[in-house]
Each structure stands twice: as C-alpha cells, then as structure tokens.
>>> print(open('model_12.txt').read())   # compact mmCIF, C-alpha atoms
# COMPACT_ATOMS: atom_id res chain seq x y z
CA MET S 29 108.67 147.24 98.46
CA ASP S 30 106.55 144.29 99.63
CA PRO S 31 107.88 141.77 102.21
CA LEU S 32 108.48 138.97 99.68
CA SER S 33 110.48 141.20 97.34
CA ALA S 34 112.51 142.58 100.23
CA LEU S 35 113.34 139.06 101.44
CA ARG S 36 114.30 138.00 97.90
CA GLU S 37 116.53 141.06 97.52
CA PHE S 38 118.39 140.41 100.78
CA THR S 39 118.73 136.69 99.95
CA MET S 40 120.21 137.37 96.52
CA ARG S 41 122.62 139.88 98.08
CA GLY S 42 123.69 137.33 100.67
CA GLU S 43 122.55 139.59 103.51
CA VAL S 44 120.00 137.30 105.18
CA GLU S 45 121.83 137.64 108.48
CA LYS S 46 121.02 141.37 108.44
CA ILE S 47 117.34 140.52 108.84
CA VAL S 48 116.82 140.87 112.59
CA ARG S 49 113.70 140.28 114.64
CA VAL S 50 112.91 142.98 117.19
CA ASN S 51 109.79 142.32 119.24
CA GLY S 52 107.04 141.75 116.68
CA GLU S 53 108.90 143.13 113.66
CA PHE S 54 111.58 142.12 111.18
CA ARG S 55 114.14 144.81 110.41
CA PHE S 56 115.91 144.45 107.06
CA GLY S 57 119.09 146.30 107.97
CA GLU S 58 118.19 149.95 107.99
CA GLU S 59 116.06 149.78 104.86
CA TYR S 60 112.75 148.10 105.68
CA THR S 61 110.64 147.04 108.63
CA PHE S 62 107.66 144.64 108.44
CA PRO S 63 105.43 142.95 111.02
CA CYS S 64 106.41 139.33 111.62
CA TRP S 65 102.87 138.09 111.06
CA VAL S 66 102.28 139.86 107.75
CA GLU S 67 101.24 137.60 104.89
CA THR S 68 103.47 137.57 101.82
CA ALA S 69 102.50 137.17 98.18
CA TYR S 70 103.78 133.55 98.12
CA ARG S 71 100.89 131.08 98.29
CA SER S 72 101.53 127.51 99.45
CA THR S 73 100.30 124.38 97.68
CA LYS S 74 97.67 124.12 100.42
CA GLY S 75 96.22 127.48 99.37
CA ASN S 76 97.26 129.70 102.28
CA ARG S 77 99.81 132.50 102.05
CA TYR S 78 103.09 132.15 103.90
CA THR S 79 103.80 134.73 106.56
CA LEU S 80 107.04 136.66 106.55
CA GLU S 81 107.98 134.89 109.80
CA THR S 82 107.71 131.48 108.09
CA LEU S 83 109.76 132.52 105.05
CA VAL S 84 112.54 134.21 107.06
CA HIS S 85 112.86 131.15 109.30
CA TYR S 86 112.95 128.85 106.27
CA ILE S 87 115.59 130.78 104.31
CA LYS S 88 117.82 130.74 107.40
CA ASN S 89 117.33 126.97 107.87
CA HIS S 90 116.87 125.67 104.31
CA HIS S 91 120.02 123.56 104.63
CA LEU S 92 118.26 121.25 107.15
CA LYS S 93 116.67 117.98 106.05
CA HIS S 94 112.90 118.21 105.98
CA THR S 95 112.40 116.08 109.10
CA GLU S 96 114.95 118.16 111.02
CA TYR S 97 113.39 121.34 109.68
CA ILE S 98 109.90 120.27 110.80
CA GLN S 99 111.19 119.46 114.28
CA ASN S 100 112.88 122.84 114.41
CA THR S 101 109.69 124.70 113.46
CA PHE S 102 107.76 122.86 116.18
CA ALA S 103 110.42 123.76 118.72
CA VAL S 104 110.25 127.49 117.97
CA GLY S 105 106.50 127.55 117.29
CA ILE S 106 106.65 128.79 113.70
CA PRO S 107 104.54 127.38 110.83
CA SER S 108 106.62 125.39 108.36
CA VAL S 109 107.03 125.44 104.59
CA THR S 110 105.57 122.31 103.01
CA LEU S 111 107.88 119.80 101.33
CA PRO S 112 106.54 120.44 97.78
CA ASP S 113 107.12 124.19 98.22
CA ARG S 114 110.67 124.02 99.56
CA LYS S 115 112.61 123.72 96.29
CA PRO S 116 110.68 126.27 94.14
CA LEU S 117 110.53 128.76 97.02
CA LEU S 118 114.28 128.51 97.61
CA GLN S 119 115.01 128.90 93.89
CA TYR S 120 112.85 132.02 93.73
CA LEU S 121 114.36 133.64 96.80
CA GLN S 122 117.90 132.89 95.58
CA GLY S 123 117.15 134.32 92.15
CA THR S 124 117.29 131.07 90.16
CA LEU S 125 113.63 131.49 89.25
CA THR S 126 112.44 134.91 88.10
CA SER S 127 108.81 134.17 88.89
CA THR S 128 106.39 131.39 89.85
CA ASP S 129 102.65 130.79 89.71
CA SER S 130 102.61 130.61 93.50
CA ILE S 131 103.10 134.39 93.75
CA GLU S 132 99.90 136.45 93.93
CA TYR S 133 100.29 140.10 94.85
CA ARG S 134 97.52 142.03 96.56
CA PRO S 135 98.49 145.68 96.15
CA GLU S 136 95.38 146.83 97.95
CA ASP S 137 96.52 145.10 101.13
CA PRO S 138 98.30 147.73 103.30
CA SER S 139 100.29 144.96 104.96
CA PHE S 140 102.56 145.07 101.87
CA ALA S 141 103.57 148.63 102.67
CA PRO S 142 106.79 148.42 104.74
CA LYS S 143 107.59 150.65 107.66
CA SER S 144 111.01 152.16 106.99
CA THR S 145 113.42 152.76 109.81
CA LEU S 146 114.68 155.96 108.12
CA PRO S 147 113.21 159.22 109.54
CA SER S 148 112.75 160.70 106.08
CA GLN S 149 110.25 157.98 105.18
CA THR S 150 108.05 158.12 108.27
CA GLN S 151 105.63 160.54 106.56
CA VAL S 152 104.53 157.92 103.96
CA HIS S 153 102.85 155.67 106.55
CA PRO S 154 99.09 155.25 106.19
CA GLN S 155 97.00 157.24 108.61
CA PRO S 156 96.13 155.16 111.69
CA GLN S 157 92.41 155.79 111.29
CA GLU S 158 92.39 154.18 107.82
CA GLN S 159 93.89 150.80 108.88
CA PRO S 160 90.89 149.30 110.71
CA ASP S 161 88.75 149.71 107.58
CA LYS S 162 91.24 148.05 105.23
CA LEU S 163 92.83 145.32 107.30
CA ASP S 164 91.77 141.73 106.51
CA LEU S 165 90.66 140.50 109.93
CA ILE S 166 90.63 136.86 108.85
CA SER S 167 94.26 137.17 107.75
CA LEU S 168 95.15 138.74 111.08
CA ILE S 169 93.57 135.83 112.93
CA THR S 170 95.14 133.09 110.80
CA SER S 171 98.53 134.76 110.92
CA VAL S 172 98.76 134.34 114.70
CA GLU S 173 97.44 130.76 114.68
CA ARG S 174 99.89 128.03 115.63
CA PRO S 175 99.12 124.53 114.30
CA LEU S 176 99.15 121.88 117.01
CA LYS S 177 99.47 118.99 114.56
CA ASP S 178 99.85 118.41 110.86
CA ARG S 179 100.09 115.26 108.75
CA GLN S 180 103.85 115.13 109.24
CA SER S 181 103.58 115.08 113.03
CA LEU S 182 100.80 112.49 112.91
CA LEU S 183 102.99 110.15 110.85
CA GLU S 184 105.83 110.49 113.37
CA CYS S 185 103.48 109.04 116.05
CA LYS S 186 105.39 110.46 118.96
CA ASN S 187 104.69 108.80 122.30
CA ARG S 188 102.69 106.09 120.55
CA ASP S 189 103.44 102.38 120.92
CA PHE S 190 102.06 99.96 118.33
CA TYR S 191 103.71 96.87 119.83
CA SER S 192 100.42 95.70 121.33
CA VAL S 193 98.81 95.92 117.88
CA LEU S 194 101.60 93.76 116.45
CA VAL S 195 101.25 91.21 119.25
CA SER S 196 97.48 91.03 118.73
CA ALA S 197 97.81 90.59 114.96
CA THR S 198 100.47 87.91 115.40
CA LYS S 199 98.32 86.02 117.90
CA ARG S 200 95.33 86.04 115.53
CA GLU S 201 97.50 84.73 112.70
CA GLU S 202 98.89 81.95 114.93
CA ASP S 203 95.37 80.98 116.03
CA ARG S 204 94.24 80.87 112.40
CA GLN S 205 97.16 78.67 111.38
CA ARG S 206 96.60 76.39 114.38
CA MET S 207 92.93 75.99 113.46
CA GLU S 208 93.75 75.27 109.81
CA SER S 209 96.38 72.74 110.89
CA GLN S 210 93.87 70.96 113.11
CA GLN S 211 91.33 70.91 110.28
CA ARG S 212 93.93 69.34 107.98
CA LYS S 213 94.75 66.69 110.59
CA ASP S 214 91.05 65.91 111.04
CA GLY S 215 90.70 65.60 107.28
CA LEU S 216 93.65 63.21 107.07
CA VAL S 217 92.23 61.03 109.85
CA ALA S 218 88.86 60.84 108.11
CA LYS S 219 90.52 60.09 104.78
CA SER S 220 92.66 57.37 106.38
CA ARG S 221 89.57 55.73 107.88
CA LEU S 222 87.78 55.76 104.54
CA MET S 223 90.85 54.28 102.85
CA THR S 224 90.99 51.54 105.48
CA ALA S 225 87.34 50.74 104.86
CA ASP S 226 88.05 50.52 101.12
CA ASP S 227 90.95 48.13 101.75
CA ARG S 228 88.50 45.82 103.53
CA GLY S 229 86.19 45.98 100.51
CA LEU S 230 83.60 48.07 102.34
CA GLY S 231 82.01 51.21 101.07
CA PHE S 232 78.90 53.31 101.63
CA SER S 233 76.02 52.76 99.24
CA ASP S 234 74.29 55.96 98.21
CA ASP S 235 70.98 54.32 97.44
CA MET S 236 70.74 51.61 100.13
CA GLY S 237 71.92 53.71 103.07
CA GLY S 238 74.21 50.90 104.19
CA TYR S 239 77.43 49.19 103.22
CA ASP S 240 78.24 48.25 99.66
CA PRO S 241 80.50 45.14 99.60
CA THR S 242 81.60 45.88 96.04
CA PRO S 243 85.19 47.27 95.98
CA LYS S 244 85.51 50.70 94.39
CA PRO S 245 87.29 50.77 91.01
CA LYS S 246 90.60 52.60 90.71
CA MET S 247 90.83 55.85 88.71
CA LEU S 248 92.57 55.66 85.36
CA LEU S 249 95.22 58.22 84.43
CA LYS S 250 96.52 58.25 80.85
CA GLY S 251 95.83 54.56 80.52
CA THR S 252 97.53 53.60 83.80
CA LYS S 253 96.13 53.01 87.26
CA ILE S 254 96.52 55.49 90.06
CA GLY S 255 96.92 53.43 93.18
CA GLU S 256 94.68 53.92 96.15
CA GLY S 257 96.19 55.81 99.03
CA VAL S 258 98.37 58.88 99.47
CA PRO S 259 100.19 59.97 96.27
CA ILE S 260 103.99 59.70 96.30
CA ILE S 261 106.73 62.20 95.43
CA LEU S 262 110.22 60.80 94.87
CA VAL S 263 113.41 62.71 95.70
CA PRO S 264 117.05 61.74 95.10
CA SER S 265 118.94 60.03 97.90
CA ALA S 266 122.19 61.77 96.87
CA PHE S 267 123.31 64.82 98.81
CA GLN S 268 124.51 66.74 95.73
CA THR S 269 120.92 67.67 94.84
CA LEU S 270 119.15 70.67 96.41
CA ILE S 271 115.99 68.85 97.51
CA THR S 272 116.33 65.71 99.63
CA ILE S 273 114.29 63.73 102.12
CA TYR S 274 115.76 65.97 104.85
CA ASN S 275 114.69 69.43 103.63
CA VAL S 276 111.71 68.74 101.35
CA LYS S 277 109.14 69.38 104.09
CA GLU S 278 110.39 72.89 104.92
CA PHE S 279 110.57 73.80 101.24
CA LEU S 280 107.13 72.55 100.15
CA GLU S 281 105.19 73.38 103.34
CA ASP S 282 106.89 76.57 104.58
CA GLY S 283 108.39 77.88 101.32
CA VAL S 284 111.91 78.02 102.78
CA TYR S 285 114.99 76.29 101.40
CA ILE S 286 117.34 74.88 104.07
CA PRO S 287 120.57 73.21 102.87
CA THR S 288 120.63 69.46 103.41
CA ASP S 289 123.78 69.52 105.55
CA VAL S 290 122.14 71.99 107.92
CA LYS S 291 119.04 69.80 108.28
CA VAL S 292 121.18 66.67 108.83
CA LYS S 293 122.86 68.41 111.78
CA GLN S 294 119.51 69.56 113.16
CA MET S 295 118.11 66.03 112.90
CA LYS S 296 121.34 64.58 114.34
CA GLY S 297 121.77 62.29 111.36
CA ALA S 298 118.37 60.59 111.73
CA ARG S 299 117.26 59.66 108.21
CA PRO S 300 113.48 59.44 107.74
CA ASP S 301 112.17 56.69 105.46
CA CYS S 302 109.10 58.70 104.53
CA VAL S 303 107.97 62.31 104.99
CA THR S 304 104.40 63.56 104.68
CA VAL S 305 103.94 67.02 103.14
CA GLN S 306 100.89 69.21 102.57
CA LYS S 307 100.33 72.48 100.75
CA LYS S 308 100.24 75.08 103.51
CA LEU S 309 101.14 78.07 101.35
CA SER S 310 97.53 78.83 100.38
CA ARG S 311 94.10 79.09 101.96
CA ASP S 312 92.69 76.04 100.16
CA ARG S 313 90.04 74.35 102.27
CA VAL S 314 90.82 70.91 100.83
CA VAL S 315 94.45 69.94 101.34
CA THR S 316 95.96 66.80 99.81
CA ALA S 317 98.74 64.98 101.62
CA TYR S 318 101.72 63.54 99.75
CA GLU S 319 104.30 60.97 100.81
CA VAL S 320 107.91 61.85 99.98
CA ARG S 321 110.37 58.96 99.61
CA ASP S 322 113.94 58.60 98.38
CA LYS S 323 114.23 54.81 97.94
CA PRO S 324 112.47 53.75 94.73
CA SER S 325 113.82 50.21 95.19
CA SER S 326 111.58 49.78 98.24
CA LEU S 327 108.40 50.52 96.26
CA LYS S 328 106.04 47.68 95.49
CA PRO S 329 104.35 47.41 92.07
CA ASP S 330 101.15 48.90 93.50
CA ASP S 331 103.17 51.76 95.06
CA TRP S 332 104.40 52.85 91.62
CA ASP S 333 100.78 53.50 90.66
CA ARG S 334 100.77 56.22 93.33
CA VAL S 335 103.94 58.03 92.19
CA VAL S 336 102.95 61.41 90.71
CA ALA S 337 106.15 63.49 90.85
CA VAL S 338 109.92 63.19 91.04
CA PHE S 339 112.74 65.62 91.77
CA VAL S 340 115.48 64.63 89.33
CA LEU S 341 119.20 64.67 89.97
CA GLY S 342 120.08 65.00 86.29
CA LYS S 343 121.87 61.64 86.19
CA GLU S 344 120.80 58.60 84.20
CA TRP S 345 121.46 56.17 87.03
CA GLN S 346 118.67 57.73 89.12
CA PHE S 347 116.13 55.84 86.97
CA LYS S 348 117.87 52.47 87.07
CA ASP S 349 115.44 49.58 87.66
CA TRP S 350 112.41 51.89 87.32
CA PRO S 351 109.40 50.06 85.76
CA PHE S 352 109.41 52.24 82.63
CA LYS S 353 111.03 51.70 79.26
CA ASP S 354 112.48 55.22 78.77
CA HIS S 355 112.43 58.86 79.88
CA VAL S 356 109.50 59.68 77.61
CA GLU S 357 107.27 57.21 79.41
CA ILE S 358 108.52 58.32 82.82
CA PHE S 359 107.75 61.99 82.34
CA ASN S 360 104.45 61.33 80.61
CA LYS S 361 103.17 59.52 83.69
CA ILE S 362 105.15 61.41 86.35
CA ILE S 363 105.87 65.14 86.46
CA GLY S 364 109.57 65.92 86.90
CA PHE S 365 111.20 68.86 88.70
CA TYR S 366 114.84 69.92 88.60
CA MET S 367 115.98 72.32 91.35
CA ARG S 368 118.97 74.56 90.70
CA PHE S 369 120.53 77.79 91.91
CA GLU S 370 119.74 80.61 89.50
CA ASP S 371 123.41 81.53 88.98
CA ASP S 372 124.59 77.94 88.35
CA SER S 373 125.82 77.02 84.90
CA LEU S 374 123.20 75.42 82.66
CA GLU S 375 125.89 72.98 81.54
CA SER S 376 125.18 71.01 84.70
CA ALA S 377 121.57 70.60 83.54
CA LYS S 378 122.50 69.45 80.06
CA ASN S 379 120.70 66.12 80.42
CA VAL S 380 117.68 67.66 82.10
CA LYS S 381 117.06 70.02 79.18
CA GLN S 382 116.50 66.97 76.99
CA TRP S 383 113.80 65.63 79.30
CA ASN S 384 110.22 66.79 79.85
CA VAL S 385 111.14 68.27 83.21
CA LYS S 386 110.23 71.60 84.87
CA ILE S 387 113.33 73.57 85.95
CA ILE S 388 112.82 75.48 89.23
CA SER S 389 115.46 78.11 90.07
CA ILE S 390 116.10 79.59 93.52
CA SER S 391 118.59 82.12 94.85
CA LYS S 392 121.60 81.08 96.93
CA ASN S 393 121.05 83.91 99.41
CA LYS S 394 117.59 85.50 98.98
CA ARG S 395 115.47 83.17 101.05
CA HIS S 396 112.37 85.37 100.77
CA GLN S 397 112.16 84.26 97.12
CA ASP S 398 111.85 80.56 98.04
CA ARG S 399 108.10 80.85 98.64
CA ALA S 400 107.44 81.75 95.00
CA ALA S 401 109.49 78.76 93.84
CA ALA S 402 107.62 76.39 96.17
CA LEU S 403 104.27 77.74 94.97
CA ASP S 404 105.42 77.18 91.39
CA VAL S 405 106.08 73.50 92.23
CA TRP S 406 102.63 73.12 93.84
CA GLU S 407 100.80 74.80 90.98
CA ARG S 408 102.51 72.68 88.34
CA LEU S 409 101.98 69.49 90.38
CA GLU S 410 98.28 70.15 90.97
CA GLU S 411 97.75 71.13 87.33
CA PHE S 412 99.47 67.91 86.22
CA VAL S 413 97.34 65.76 88.51
CA ARG S 414 94.12 67.49 87.37
CA ALA S 415 95.06 66.99 83.72
CA ARG S 416 95.69 63.28 84.26
CA SER S 417 92.44 62.91 86.17
CA ARG S 418 90.52 64.34 83.21
CA SER S 419 92.21 61.95 80.77
>>> encode(input="model_12.txt", output="structure tokens")
Amino acid sequence: MDPLSALREFTMRGEVEKIVRVNGEFRFGEEYTFPCWVETAYRSTKGNRYTLETLVHYIKNHHLKHTEYIQNTFAVGIPSVTLPDRKPLLQYLQGTLTSTDSIEYRPEDPSFAPKSTLPSQTQVHPQPQEQPDKLDLISLITSVERPLKDRQSLLECKNRDFYSVLVSATKREEDRQRMESQQRKDGLVAKSRLMTADDRGLGFSDDMGGYDPTPKPKMLLKGTKIGEGVPIILVPSAFQTLITIYNVKEFLEDGVYIPTDVKVKQMKGARPDCVTVQKKLSRDRVVTAYEVRDKPSSLKPDDWDRVVAVFVLGKEWQFKDWPFKDHVEIFNKIIGFYMRFEDDSLESAKNVKQWNVKIISISKNKRHQDRAAALDVWERLEEFVRARSRS
C-alpha cells in the first residue's frame, strides 16, 4: 500500500487520529509506517508532489479557513496545500471522488513501499544496499526544503507599513490640484483683462502689431447673440429644488451633492448673489468659467444673451417675465436640466417631461454616484454650447 492510499483508507474509516508521528515517521495504527518526508502520488497544481507530512497535516486541519490554515503551516514549519487543491484533495481523501488527474503513481519508487510495524512483514523490506541506487536524490532534497515565503505570505505584507506611500501619493495629488487651480485662476485673470480691453473698444490687430480700435463682433448662436463675458447658468431661488445657489458649486465643481439646508447652516444664512463655477472634474487644459445666478429679474437685456443653461423647478411660474414667448423658444436657446432623486415619483416631473429638458437623477444616499451625474451635466452643457457655436 502506498502512502496516499493508506491515508485515504484511514480518512474514509474515520481513523485519522490513529495516524501518529514518531520521530521521522508516520505510524498508521499498527498497519503501516512511512517516512514523513516521502512524496505521495498526489501532484499539486504547481507541479510538485505533496509529501505525506503535508497531506496528514492538511486532513487534520481541513476545517480551518485558508488564511488560518496558512498561518498554521508557517507556525509548524510544514509546506501547505494550495487553495485550488484543497477541495478536490479533500473529496478524494474522504472518498467523494474515486480518482483525479492529479494522482500519478510511480511504482518504481521504493518510497511507496511502506514499512509495516508487524514483525511478520519485516522480511519484505528492500535490502539496504539497493536503496542508494534507486532513491531519487532530488526528491529527497526537495522533501526536506522549507519555503521561507510564498505568494500568500507576500500579499499579507507582515511588518510592512505603506502609510508613507499613501502620504506621498496624496501630497502629489494635492500639489497637482493646487497647480491646476492656479493655472485656472491665471487664465481667468487674463481672460478678464482681454474682456475689459474689448469693452473699451480695444483689440490686438494681427497684421499691424498694434491696437485695432474696431470693436469685435459678437458670435451668433441660432440667430441670437451670445453676449460678451462669462456665460450664465440660472438656478431656482426656491428651496424645494435640489440645486440652488447655495449648493451648486459643490455639485458642479466637486461632484458632490449637499442638501441646501445643510449649506445654509454652513454659510450661516449668507445668500450669495452670484457664484462662479468651473469644470474641475476633468483634466481639460482650457477651463471655462460660468456665473450661476438665481434672480432672473435682475438680469439686463444684454445679460440674457449670456444665459446658456437653467436648472428648472418644474413650475410654470419660474419663467414668468422671461424675454421668450414660450417653452419651445426657451429650451431651443437655453439647455434645461431637471434634478431629481432616482426613487422619486415621475408624477412630480409631469410638466418637465413635456419640455425639452434633460432629467438628471441622483441617489438620496449614495454620494459616490454624484460625480457621474455632475459629469453628465457638464458633458451635455458643453455639447450644447459647441452645437450652438457651429450654427
């Protein structure tokens, strides 16, 4: 009987506890005796054969979770059974599987010949002088090797601290964001100076190398003028909408929705007349600034030429006294957005569904999903502005 078959027989009989280690041997009751280091016929997925010591230790500890089992093998200094081999090996030893492709017998290997503890069987042992010629020396060497590390132990990273790596990565990201923020500010200052020069009727002449006193013409969008200056986004002044003058900056710039009542408390009730927002959720080198306002009545006729987007409340009275004849004209010249919680009833958006408005849904609790919604707003807004510019 070979070691693997003997172990399977004792496992199926429920007599694993009768397998006792004495010095360098395993004694299977009073029936068989094998060296602890002897290789069995069961080959691992890595290609090597499991020793009897590894299999006996595993069958006695198979109830442990793999991480606990690995720690146990390290503690006692015994090679472990790999995770992919655990289930099929256990099924074979318990008799659930009759055979497996992982078993390769080598009958010529004398290590498969057990030493019986019964006196009547002592005469069947090979002659001592024949063993040196037949023993596989490589197997003898590998059987006594003890792995210092494997991929499992490397992943555990014992006595390793990666906090400094995290700090370094965070610092680099903060430096990058600070540099990009400064570049955006510098761009806004330069743009503001150029706009001021245009207001005075001054411009640079490409061919003369000096000033051109001729005012620059305004761009035409769908037959209407786009006013000079920073484009405007309108939001409702009512608190029952999700996006207001209080929380629009955090949503569009940081991709995080903060309820209006929370922002009002943080700002101690201070109501801004105008908020400037930029697209910070991408690595675009050119960043356009937008003014966000919530008082359409304060807009001058020229200011309406700069309005490019509006967050709608879903109520008709929001558009009272707007300089447009109907909703069709409004949403042809201005892109509309309607913010809602994804689990709210669509009945509340009954009016909105009749308008040419983009519905943006966010979760009430999953704030990590806000970024995707904010990016959706930016992409639709930029696409709308590009389309109008080409008209």
>>> atom_distance(input="model_12.txt", atom1="atom CA of S:Glu81", atom2="atom CA of S:Thr126")
22.2 Å
>>> closest_residue(input="model_12.txt", among="S:Tyr318, S:Phe359, S:Tyr274, S:Trp383", to="S:Pro300", atoms="all atoms listed in the file")
S:Tyr274
>>> closest_residue(input="model_12.txt", among="S:Pro112, S:Arg174, S:Gly342, S:Ile363", to="S:Glu375", atoms="only C-alpha atoms")
S:Gly342
>>> atom_distance(input="model_12.txt", atom1="atom CA of S:Glu344", atom2="atom CA of S:Ile261")
18.4 Å
>>> residues_around(input="model_12.txt", residues="S:Val109", least_positions_apart="5", cutoff="9 Å", atoms="only C-alpha atoms", output="list in words")
Ser72, Tyr78, Thr82, Leu83, Tyr86, Ile98, Arg114 and Leu117 of chain S
>>> closest_residue(input="model_12.txt", among="S:Phe352, S:Trp345, S:Phe54, S:Phe339", to="S:Val385", atoms="all atoms listed in the file")
S:Phe339
>>> atom_distance(input="model_12.txt", atom1="atom CA of S:Leu270", atom2="atom CA of S:Glu208")
29.1 Å
>>> closest_residue(input="model_12.txt", among="S:Ala400, S:Ala377, S:Val356, S:Ala298", to="S:Val284", atoms="all atoms listed in the file")
S:Ala400
>>> closest_residue(input="model_12.txt", among="S:His90, S:His396, S:His85, S:Arg368", to="S:Gln268", atoms="all atoms listed in the file")
S:Arg368
